[in-house]
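> Input file: run29.cif. Contents: mmCIF, C-alpha atoms.
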data_run
loop_
_atom_site.label_atom_id
_atom_site.label_comp_id
_atom_site.auth_asym_id
_atom_site.auth_seq_id
_atom_site.Cartn_x
_atom_site.Cartn_y
_atom_site.Cartn_z
CA MET S 817 0.00 0.00 0.00
CA ALA S 818 2.93 2.33 0.58
CA ARG S 819 3.97 2.56 -3.08
CA PRO S 820 0.52 3.64 -4.48
CA LEU S 821 0.32 6.26 -1.73
CA LEU S 822 3.78 7.51 -2.68
CA LEU S 823 2.78 7.78 -6.33
CA ARG S 824 -0.29 9.82 -5.44
CA GLU S 825 1.83 12.16 -3.34
CA ARG S 826 4.33 12.53 -6.14
CA GLY S 827 1.47 13.29 -8.49
CA LYS S 828 0.33 16.15 -6.26
CA VAL S 829 3.84 17.56 -6.15
CA LEU S 830 4.08 17.29 -9.94
CA ASP S 831 0.76 19.13 -10.29
CA ILE S 832 2.07 21.94 -8.05
CA ILE S 833 5.28 22.21 -10.10
CA ILE S 834 3.29 22.33 -13.37
CA THR S 835 1.05 25.01 -11.86
CA ILE S 836 4.11 27.10 -10.92
CA GLU S 837 5.51 26.73 -14.44
CA ARG S 838 2.19 27.83 -15.96
CA ILE S 839 2.04 30.85 -13.65
CA THR S 840 5.62 31.76 -14.60
CA MET S 841 4.85 31.45 -18.34
CA LEU S 842 1.70 33.51 -17.88
CA SER S 843 3.66 36.17 -16.01
CA LYS S 844 6.24 36.37 -18.79
CA SER S 845 3.71 36.56 -21.60
CA LYS S 846 1.31 38.99 -19.94
CA PHE S 847 3.65 41.02 -17.78
CA VAL S 848 3.94 43.96 -20.18
CA LYS S 849 0.27 43.80 -21.18
CA THR S 850 -0.86 43.80 -17.57
CA LEU S 851 1.32 46.77 -16.72
CA ALA S 852 0.05 48.59 -19.80
CA ALA S 853 -3.57 48.02 -18.82
CA VAL S 854 -2.97 49.21 -15.29
CA GLY S 855 -1.00 52.28 -16.46
CA ILE S 856 -3.54 53.31 -19.10
CA ALA S 857 -6.46 52.83 -16.70
CA ALA S 858 -4.71 54.91 -14.07
CA ALA S 859 -3.94 57.65 -16.59
CA PHE S 860 -7.59 57.77 -17.65
CA ALA S 861 -8.78 57.87 -14.07
CA CYS S 862 -6.37 60.64 -13.07
CA GLY S 863 -7.15 62.74 -16.11
CA ASN S 864 -3.48 63.25 -17.05
CA ALA S 865 -0.74 61.23 -18.68
CA PHE S 866 1.52 61.09 -15.63
CA ALA S 867 0.06 58.02 -14.02
CA ALA S 868 2.27 54.94 -14.02
CA PRO S 869 5.04 54.81 -11.38
CA PHE S 870 8.71 54.72 -12.36
CA SER S 871 8.81 50.99 -11.57
CA ALA S 872 6.31 50.45 -14.42
CA ALA S 873 8.93 51.79 -16.83
CA ILE S 874 11.39 49.08 -15.78
CA VAL S 875 11.65 45.80 -17.69
CA PRO S 876 13.42 42.59 -16.62
CA GLY S 877 16.98 42.64 -17.92
CA VAL S 878 18.69 45.60 -19.62
CA ASN S 879 17.00 48.98 -19.16
CA GLN S 880 17.66 52.40 -20.65
CA ILE S 881 16.50 55.85 -19.61
CA SER S 882 17.36 58.92 -21.69
CA ASP S 883 17.60 62.46 -20.41
CA ASP S 884 18.30 66.11 -21.09
CA ASN S 885 20.89 67.67 -18.78
CA ALA S 886 22.02 71.18 -17.91
CA GLU S 887 25.16 72.11 -16.00
CA VAL S 888 26.70 74.95 -14.06
CA VAL S 889 30.40 75.14 -13.20
CA LEU S 890 32.10 75.89 -9.90
CA LYS S 891 35.51 77.37 -10.75
CA PHE S 892 38.50 76.54 -8.55
CA ASP S 893 40.55 79.73 -8.18
CA GLN S 894 44.01 79.41 -6.65
CA THR S 895 44.17 83.14 -5.87
CA LEU S 896 41.31 82.98 -3.37
CA ASN S 897 41.74 82.71 0.41
CA GLY S 898 45.22 84.19 0.45
CA GLY S 899 46.58 81.75 -2.11
CA ALA S 900 45.05 78.68 -0.48
CA GLY S 901 42.49 78.47 -3.26
CA GLY S 902 38.71 78.24 -3.27
CA TYR S 903 35.61 78.16 -5.46
CA ARG S 904 33.73 80.96 -7.18
CA ALA S 905 31.15 81.36 -9.94
CA PHE S 906 32.35 80.38 -13.42
CA VAL S 907 32.58 83.22 -15.96
CA PHE S 908 31.50 81.94 -19.38
CA GLY S 909 33.50 83.39 -22.22
CA THR S 910 36.49 84.03 -19.98
CA ASP S 911 37.13 80.99 -17.79
CA THR S 912 38.13 77.57 -19.07
CA ILE S 913 37.39 74.29 -17.31
CA GLY S 914 40.42 72.92 -15.53
CA VAL S 915 41.48 70.44 -12.89
CA GLN S 916 39.53 70.71 -9.60
CA ASP S 917 36.59 72.52 -11.24
CA ILE S 918 33.20 71.04 -10.38
CA LEU S 919 30.25 70.51 -12.72
CA VAL S 920 26.83 70.45 -11.04
CA GLY S 921 23.86 69.48 -13.15
CA ILE S 922 20.18 68.65 -13.23
CA VAL S 923 18.54 65.78 -15.07
CA GLY S 924 15.13 65.47 -16.70
CA ILE S 925 14.23 62.02 -18.03
CA THR S 926 12.65 62.46 -21.45
CA SER S 927 12.27 58.91 -22.76
CA PHE S 928 12.40 55.24 -21.80
CA PRO S 929 13.76 53.31 -24.81
CA THR S 930 12.99 50.02 -23.06
CA GLY S 931 9.94 51.19 -21.06
CA ALA S 932 7.38 48.50 -20.20
CA LEU S 933 4.45 50.69 -21.29
CA GLY S 934 6.23 52.53 -24.09
CA THR S 935 9.03 54.99 -24.71
CA SER S 936 7.41 58.29 -23.81
CA ALA S 937 8.11 59.94 -20.46
CA ALA S 938 4.49 61.12 -20.51
CA LEU S 939 3.40 57.56 -19.69
CA TYR S 940 5.12 57.62 -16.30
CA ASN S 941 5.55 59.78 -13.25
CA GLU S 942 8.21 62.43 -13.67
CA VAL S 943 11.79 61.24 -13.08
CA THR S 944 14.45 63.88 -12.46
CA GLY S 945 17.77 64.16 -10.69
CA VAL S 946 20.93 65.99 -9.71
CA TYR S 947 24.61 65.17 -10.17
CA ALA S 948 28.06 66.60 -9.50
CA VAL S 949 31.52 65.60 -10.74
CA GLN S 950 34.98 67.10 -10.37
CA ALA S 951 37.65 67.42 -13.08
CA LEU S 952 40.60 65.18 -12.21
CA THR S 953 42.70 65.56 -15.38
CA ALA S 954 42.58 67.81 -18.46
CA VAL S 955 44.60 67.26 -21.65
CA ALA S 956 44.20 69.57 -24.68
CA THR S 957 43.35 67.97 -28.05
CA GLY S 958 42.80 69.12 -31.63
CA ALA S 959 39.56 70.97 -32.29
CA THR S 960 38.49 68.61 -35.08
CA ASN S 961 38.26 65.78 -32.58
CA CYS S 962 35.57 67.64 -30.69
CA ASN S 963 33.05 68.45 -33.43
CA ALA S 964 32.66 67.58 -37.09
CA GLY S 965 32.47 71.18 -38.29
CA GLY S 966 35.74 72.24 -36.66
CA LEU S 967 34.14 75.40 -35.26
CA LEU S 968 35.49 74.87 -31.77
CA THR S 969 39.00 76.24 -31.39
CA THR S 970 40.21 74.25 -28.36
CA CYS S 971 38.97 70.93 -27.02
CA THR S 972 40.09 68.88 -24.04
CA ASN S 973 39.98 65.29 -22.91
CA TYR S 974 38.79 65.31 -19.30
CA THR S 975 38.47 62.67 -16.64
CA PHE S 976 35.94 63.32 -13.89
CA GLY S 977 35.24 61.72 -10.55
CA ALA S 978 33.42 62.22 -7.28
CA VAL S 979 33.91 65.58 -5.57
CA THR S 980 36.82 65.40 -3.14
CA ALA S 981 36.04 68.45 -0.99
CA SER S 982 36.26 67.93 2.77
CA THR S 983 32.67 66.74 3.21
CA GLY S 984 32.92 64.54 0.11
CA GLY S 985 30.67 63.55 -2.77
CA ILE S 986 27.69 65.31 -4.27
CA ASN S 987 26.58 67.03 -1.08
CA ALA S 988 29.87 68.93 -0.90
CA ALA S 989 29.14 70.30 -4.38
CA LEU S 990 25.55 71.22 -3.51
CA THR S 991 26.76 73.07 -0.40
CA LEU S 992 29.28 75.01 -2.50
CA MET S 993 26.65 75.79 -5.11
CA ASN S 994 24.30 77.11 -2.45
CA SER S 995 26.98 79.44 -1.09
CA ILE S 996 28.24 80.64 -4.49
CA TYR S 997 25.10 80.76 -6.63
CA GLY S 998 22.53 81.35 -3.89
CA THR S 999 20.59 78.15 -4.52
CA THR S 1000 18.77 76.25 -1.77
CA GLN S 1001 19.55 72.65 -2.59
CA THR S 1002 18.97 70.02 0.08
CA ALA S 1003 21.32 67.11 0.72
CA VAL S 1004 21.03 63.83 -1.18
CA ALA S 1005 20.04 60.95 1.08
CA ASN S 1006 22.17 57.78 1.27
CA ALA S 1007 25.13 59.66 -0.21
CA ASN S 1008 28.81 59.21 0.63
CA ALA S 1009 32.19 60.45 -0.60
CA THR S 1010 31.86 58.50 -3.88
CA THR S 1011 28.33 59.68 -4.77
CA ILE S 1012 27.96 61.59 -8.04
CA GLY S 1013 24.20 61.59 -8.64
CA ALA S 1014 20.66 60.66 -7.60
CA PHE S 1015 17.32 60.17 -9.35
CA TYR S 1016 13.93 61.13 -7.95
CA GLU S 1017 10.32 60.28 -8.80
CA ASP S 1018 7.57 62.88 -8.63
CA ALA S 1019 3.91 62.50 -9.61
CA THR S 1020 3.74 66.22 -10.44
CA PRO S 1021 5.19 67.16 -13.88
CA ASP S 1022 6.93 70.36 -12.79
CA TYR S 1023 10.48 69.89 -14.08
CA ALA S 1024 11.78 72.99 -15.89
CA ARG S 1025 15.38 73.17 -17.09
CA GLY S 1026 15.30 76.59 -18.75
CA GLY S 1027 13.10 79.37 -19.95
CA VAL S 1028 12.85 83.13 -19.80
CA GLY S 1029 12.88 84.43 -16.25
CA LEU S 1030 13.69 81.06 -14.67
CA THR S 1031 16.31 81.29 -11.96
CA LEU S 1032 18.98 78.69 -11.32
CA ASP S 1033 17.39 77.81 -8.00
CA GLN S 1034 13.96 77.31 -9.56
CA ALA S 1035 15.43 74.97 -12.15
CA PHE S 1036 17.27 72.87 -9.58
CA THR S 1037 14.37 72.82 -7.14
CA SER S 1038 12.05 71.36 -9.78
CA ALA S 1039 14.51 68.50 -10.23
CA HIS S 1040 15.20 67.87 -6.55
CA ALA S 1041 12.15 69.09 -4.72
CA VAL S 1042 11.16 68.28 -1.17
CA GLY S 1043 8.64 65.45 -1.27
CA ASP S 1044 10.09 63.65 -4.28
CA THR S 1045 10.89 59.97 -3.69
CA GLN S 1046 14.54 59.10 -4.14
CA ARG S 1047 14.85 56.05 -6.39
CA ILE S 1048 18.50 55.52 -7.42
CA VAL S 1049 21.85 56.78 -6.12
CA ILE S 1050 25.03 56.30 -8.18
CA GLY S 1051 28.71 56.73 -7.35
CA GLN S 1052 32.20 56.55 -8.81
CA VAL S 1053 33.75 53.61 -6.96
CA ALA S 1054 37.40 53.13 -7.91
CA ALA S 1055 37.44 49.53 -6.66
CA ASN S 1056 34.76 48.69 -9.24
CA GLY S 1057 36.79 50.12 -12.12
CA ASP S 1058 34.43 53.09 -12.54
CA ASN S 1059 35.52 55.88 -14.87
CA PHE S 1060 34.17 59.10 -16.36
CA GLY S 1061 35.69 60.61 -19.51
CA THR S 1062 34.63 63.66 -21.55
CA LEU S 1063 35.78 65.23 -24.81
CA ALA S 1064 34.58 68.83 -24.65
CA PRO S 1065 35.43 72.50 -25.33
CA SER S 1066 37.90 73.88 -22.81
CA ASN S 1067 35.82 77.06 -22.87
CA PRO S 1068 32.12 76.06 -22.75
CA ALA S 1069 31.17 79.40 -24.33
CA GLN S 1070 32.42 77.89 -27.60
CA LEU S 1071 29.28 75.78 -27.66
CA ALA S 1072 27.45 78.97 -28.63
CA LEU S 1073 29.36 78.88 -31.93
CA LEU S 1074 27.45 75.76 -32.91
CA SER S 1075 23.93 75.54 -34.26
CA PRO S 1076 21.40 74.88 -31.49
CA GLY S 1077 21.52 71.20 -30.65
CA ALA S 1078 24.63 70.56 -32.77
CA PHE S 1079 27.17 68.01 -31.51
CA GLY S 1080 29.88 69.61 -29.40
CA GLY S 1081 31.64 66.77 -27.61
CA SER S 1082 30.85 63.49 -25.89
CA PHE S 1083 31.14 61.69 -22.58
CA ASN S 1084 31.08 58.12 -21.29
CA ALA S 1085 30.98 56.85 -17.74
CA ASP S 1086 30.81 53.61 -15.81
CA ALA S 1087 29.31 54.08 -12.36
CA THR S 1088 28.00 51.99 -9.47
CA ILE S 1089 24.46 51.93 -8.08
CA THR S 1090 25.07 52.39 -4.37
CA SER S 1091 21.45 52.68 -3.22
CA TYR S 1092 18.03 52.14 -4.79
CA ASN S 1093 14.34 51.96 -3.99
CA LEU S 1094 12.39 50.43 -6.88
CA PRO S 1095 9.51 48.23 -5.67
CA GLY S 1096 9.38 44.90 -7.47
CA PHE S 1097 12.98 44.96 -8.74
CA ASN S 1098 16.54 44.34 -7.67
CA LEU S 1099 19.19 46.32 -9.58
CA ASN S 1100 22.61 45.19 -10.66
CA ALA S 1101 25.32 47.50 -9.31
CA ASP S 1102 26.70 48.45 -12.75
CA PHE S 1103 25.37 51.72 -14.22
CA GLN S 1104 26.58 53.04 -17.57
CA ILE S 1105 26.22 56.53 -19.04
CA ALA S 1106 26.90 57.84 -22.57
CA GLY S 1107 25.97 61.19 -24.07
CA ASN S 1108 26.71 64.30 -26.12
CA LEU S 1109 27.22 67.98 -25.35
CA TYR S 1110 25.47 70.75 -27.25
CA SER S 1111 24.62 74.43 -27.02
CA CYS S 1112 21.57 75.22 -24.93
CA ILE S 1113 18.60 75.62 -27.28
CA GLN S 1114 16.41 77.88 -25.18
CA PRO S 1115 17.10 80.81 -22.85
CA SER S 1116 18.48 79.18 -19.74
CA PRO S 1117 20.48 79.93 -16.59
CA PHE S 1118 22.87 77.15 -17.62
CA GLY S 1119 26.00 77.36 -19.74
CA ILE S 1120 26.25 73.70 -20.80
CA CYS S 1121 23.50 71.40 -22.05
CA SER S 1122 23.72 67.71 -22.91
CA ASP S 1123 21.76 64.54 -23.46
CA SER S 1124 22.64 61.05 -22.32
CA THR S 1125 21.42 57.48 -22.01
CA HIS S 1126 21.73 55.53 -18.77
CA THR S 1127 21.84 51.73 -18.84
CA PHE S 1128 21.30 49.31 -15.96
CA VAL S 1129 20.06 45.76 -15.35
CA ALA S 1130 16.96 44.90 -13.30
CA THR S 1131 15.81 41.56 -11.90
CA PRO S 1132 12.15 41.11 -10.87
CA VAL S 1133 11.53 40.26 -7.23
CA PRO S 1134 9.29 37.13 -7.03
CA GLU S 1135 5.77 37.82 -5.83
CA PRO S 1136 4.83 36.40 -2.39
CA ALA S 1137 2.26 34.03 -3.91
CA THR S 1138 4.83 32.54 -6.28
CA LEU S 1139 7.31 32.11 -3.44
CA ALA S 1140 4.65 30.38 -1.35
CA LEU S 1141 3.84 27.90 -4.15
CA LEU S 1142 7.54 27.23 -4.66
CA GLY S 1143 7.92 26.57 -0.95
CA ILE S 1144 5.03 24.09 -1.01
CA ALA S 1145 6.53 22.34 -4.02
CA LEU S 1146 9.95 22.03 -2.41
CA ALA S 1147 8.39 20.79 0.82
CA GLY S 1148 6.40 18.20 -1.13
CA ILE S 1149 9.49 16.98 -2.95
CA GLY S 1150 11.26 16.61 0.35
CA PHE S 1151 8.30 14.71 1.84
CA GLY S 1152 8.20 12.35 -1.14
CA THR S 1153 11.93 11.67 -0.78
CA ARG S 1154 11.51 10.88 2.90
CA LYS S 1155 8.63 8.46 2.15
CA LYS S 1156 10.72 6.68 -0.44
CA SER S 1157 13.58 6.20 1.96
CA SER S 1158 11.24 4.69 4.55
CA VAL S 1159 9.79 2.05 2.22
#
Could you write out this structure as structure tokens?

Amino acid sequence: MARPLLLRERGKVLDIIITIERITMLSKSKFVKTLAAVGIAAAFACGNAFAAPFSAAIVPGVNQISDDNAEVVLKFDQTLNGGAGGYRAFVFGTDTIGVQDILVGIVGITSFPTGALGTSAALYNEVTGVYAVQALTAVATGATNCNAGGLLTTCTNYTFGAVTASTGGINAALTLMNSIYGTTQTAVANANATTIGAFYEDATPDYARGGVGLTLDQAFTSAHAVGDTQRIVIGQVAANGDNFGTLAPSNPAQLALLSPGAFGGSFNADATITSYNLPGFNLNADFQIAGNLYSCIQPSPFGICSDSTHTFVATPVPEPATLALLGIALAGIGFGTRKKSSV
């Protein structure tokens, strides 16, 4: 009698395993469609396109988010503080970017090339951010390497890294920017000495990079406002082989020589995700950035504009129900093995 009972028990376990496989296949085939239905329904109910959360823009595997950036420069001046050196506002048209200078920028996500619901940012809650990097090396190159038209007279290969001021990382740069430019930026949470940037989610579409009459503080505040939910923090971690290189005009004012939006240099970076909060997903630590520089198209308080694509890998977190079924299946297999050994 023991063997028929064992077969029946094995049959139940097999049924559970088949059920789990069917659920998994269903999840894979309908995952995007389900998210789309939920996002579209929410958009209709709310009466505006900003409805689906940032997590709905994430797909299993490789993800991309594309943005439009704008930067201000903090100039390191060796003549300040009695020769000890210090930072001041950057004078476009006169100053050139050199070692120890700091670039502080804001980010507005404009598309999701791999978005689960589609590519448009209008399908999701607003995603914005802030970043800061410091020039570590600067080597002059030929102008023709910087742009196809050869309009730029001097270009430079730069390497950038995390800000190395006494307090370290992005928050040191934001503190300096507040004191020099009169902005009111708050500190980035979960930041450390290697942090170079953070992304935030906001249900209110209020990001504004430029425009007539817009102050620098208004632009930054719309990208890093109180009440936004911090989603991803990235850093330049030397132990992980991170790097940040840029080919750009030594004098950013040269960008004005180009047609609006024309190519004026490029940058590539490998960074590390040091903190994240994306419900339903685990993120791989590697975070890659690639982009181009161009002249600012619209009236803006910024001297440098750019666009870039960020790439990272996401792994779905199993739902509790799926984990429970898997646990039952594993327990059943173990029970069947024990019964067999006792026969």
> Taking the file above as input, evaluate the PyMOL selection byres ((chain S and resi 1071-1073) around 8) and report the hits as a PyMOL selection string.
chain S and resi 967-968+1065+1068-1070+1074-1076+1080+1110-1112+1120
> Determine the residue membership of the PyMOL selection byres ((chain S and resi 1096) around 12) for the file above and supply it as a count of residues only.
22
> Here's the selection I'm unsure about, the PyMOL selection byres ((chain S and resi 1064) around 6); applied to the file above, which residues does it give, as a VMD selection string?
chain S and resid 971 to 972 1063 1065 1081
> How would you write as a PyMOL selection string the residues that get within 9 Å of (42.0, 70.1, -27.2) in the file's frame, counting only C-alpha atoms?
chain S and resi 955-962+969-973+1063-1066
> Please indicate the distance in Å from atom CA of Gly945 of chain S to atom CA of Asp893 of chain S, rounded to one decimal place.
27.7 Å
> Using only C-alpha atoms, which residues sit within 10 Å of segment 1024-1040 of chain S once same-chain residues fewer than 2 positions away are excluded, as a short mmCIF file (atom, residue, chain, number, x, y, z; two decimals) with C-alpha atoms, in the coordinates of the input?

data_model
loop_
_atom_site.label_atom_id
_atom_site.label_comp_id
_atom_site.auth_asym_id
_atom_site.auth_seq_id
_atom_site.Cartn_x
_atom_site.Cartn_y
_atom_site.Cartn_z
CA ASP S 884 18.30 66.11 -21.09
CA ASN S 885 20.89 67.67 -18.78
CA ALA S 886 22.02 71.18 -17.91
CA GLU S 887 25.16 72.11 -16.00
CA VAL S 888 26.70 74.95 -14.06
CA VAL S 920 26.83 70.45 -11.04
CA GLY S 921 23.86 69.48 -13.15
CA ILE S 922 20.18 68.65 -13.23
CA VAL S 923 18.54 65.78 -15.07
CA GLY S 924 15.13 65.47 -16.70
CA GLU S 942 8.21 62.43 -13.67
CA VAL S 943 11.79 61.24 -13.08
CA THR S 944 14.45 63.88 -12.46
CA GLY S 945 17.77 64.16 -10.69
CA VAL S 946 20.93 65.99 -9.71
CA MET S 993 26.65 75.79 -5.11
CA ASN S 994 24.30 77.11 -2.45
CA TYR S 997 25.10 80.76 -6.63
CA GLY S 998 22.53 81.35 -3.89
CA THR S 999 20.59 78.15 -4.52
CA THR S 1000 18.77 76.25 -1.77
CA GLN S 1001 19.55 72.65 -2.59
CA THR S 1002 18.97 70.02 0.08
CA ALA S 1003 21.32 67.11 0.72
CA VAL S 1004 21.03 63.83 -1.18
CA ALA S 1014 20.66 60.66 -7.60
CA PHE S 1015 17.32 60.17 -9.35
CA TYR S 1016 13.93 61.13 -7.95
CA GLU S 1017 10.32 60.28 -8.80
CA ASP S 1018 7.57 62.88 -8.63
CA THR S 1020 3.74 66.22 -10.44
CA PRO S 1021 5.19 67.16 -13.88
CA ASP S 1022 6.93 70.36 -12.79
CA VAL S 1042 11.16 68.28 -1.17
CA GLY S 1043 8.64 65.45 -1.27
CA ASP S 1044 10.09 63.65 -4.28
CA THR S 1045 10.89 59.97 -3.69
CA GLN S 1046 14.54 59.10 -4.14
CA CYS S 1112 21.57 75.22 -24.93
CA ILE S 1113 18.60 75.62 -27.28
CA GLN S 1114 16.41 77.88 -25.18
CA PRO S 1115 17.10 80.81 -22.85
CA SER S 1116 18.48 79.18 -19.74
CA PRO S 1117 20.48 79.93 -16.59
CA PHE S 1118 22.87 77.15 -17.62
CA CYS S 1121 23.50 71.40 -22.05
#
> Could you tell me how far atom CA of Ser1082 of chain S lies from atom CA of Asn1056 of chain S, in Å and to one decimal?
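We find that atom CA of Ser1082 of chain S and atom CA of Asn1056 of chain S lie 22.6 Å from each other.
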> In the coordinates of the file, take the point (33.4, 56.5, -11.2) and a cut-off of 12 Å; then, counting all atoms listed in the file, name each qualifying protein, DNA or RNA residue as a count of residues only.
39
> With all atoms listed in the file as the atoms that count, which of S:Asp911, S:Ser1124, S:Gln894, S:Tyr974 lies nearest to Ser927 of chain S?
S:Ser1124
> Compare S:Thr953, S:Asn879, S:Gln916, S:Asn897 by their minimum atom-to-atom distance to Gly931 of chain S, counting all atoms listed in the file, and give me the closest one.
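Residue with the minimum atom-to-atom distance to Gly931 of chain S: S:Asn879.
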> Select, from S:Leu939, S:Ile925, S:Ala868, S:Ala900, the residue with the minimum atom-to-atom distance to Asp1123 of chain S, counting only C-alpha atoms.
S:Ile925
> Tell me, as a list of chain:residue names, which residues lie within 10 Å of Ser995 of chain S, counting all atoms listed in the file; anything in the same chain fewer than 6 positions away does not count.
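The neighbour list is S:Tyr903, S:Arg904, S:Ala905, S:Ala989.
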> Generate the output file for the selected residues, C-alpha atoms, as a CSV table (one decimal), keeping the file's coordinate frame.

chain,number,residue,atom,x,y,z
S,903,TYR,CA,35.6,78.2,-5.5
S,904,ARG,CA,33.7,81.0,-7.2
S,905,ALA,CA,31.2,81.4,-9.9
S,989,ALA,CA,29.1,70.3,-4.4
> Atom CA of Ala954 of chain S to atom CA of Ile913 of chain S: how many Å, to one decimal?
8.4 Å
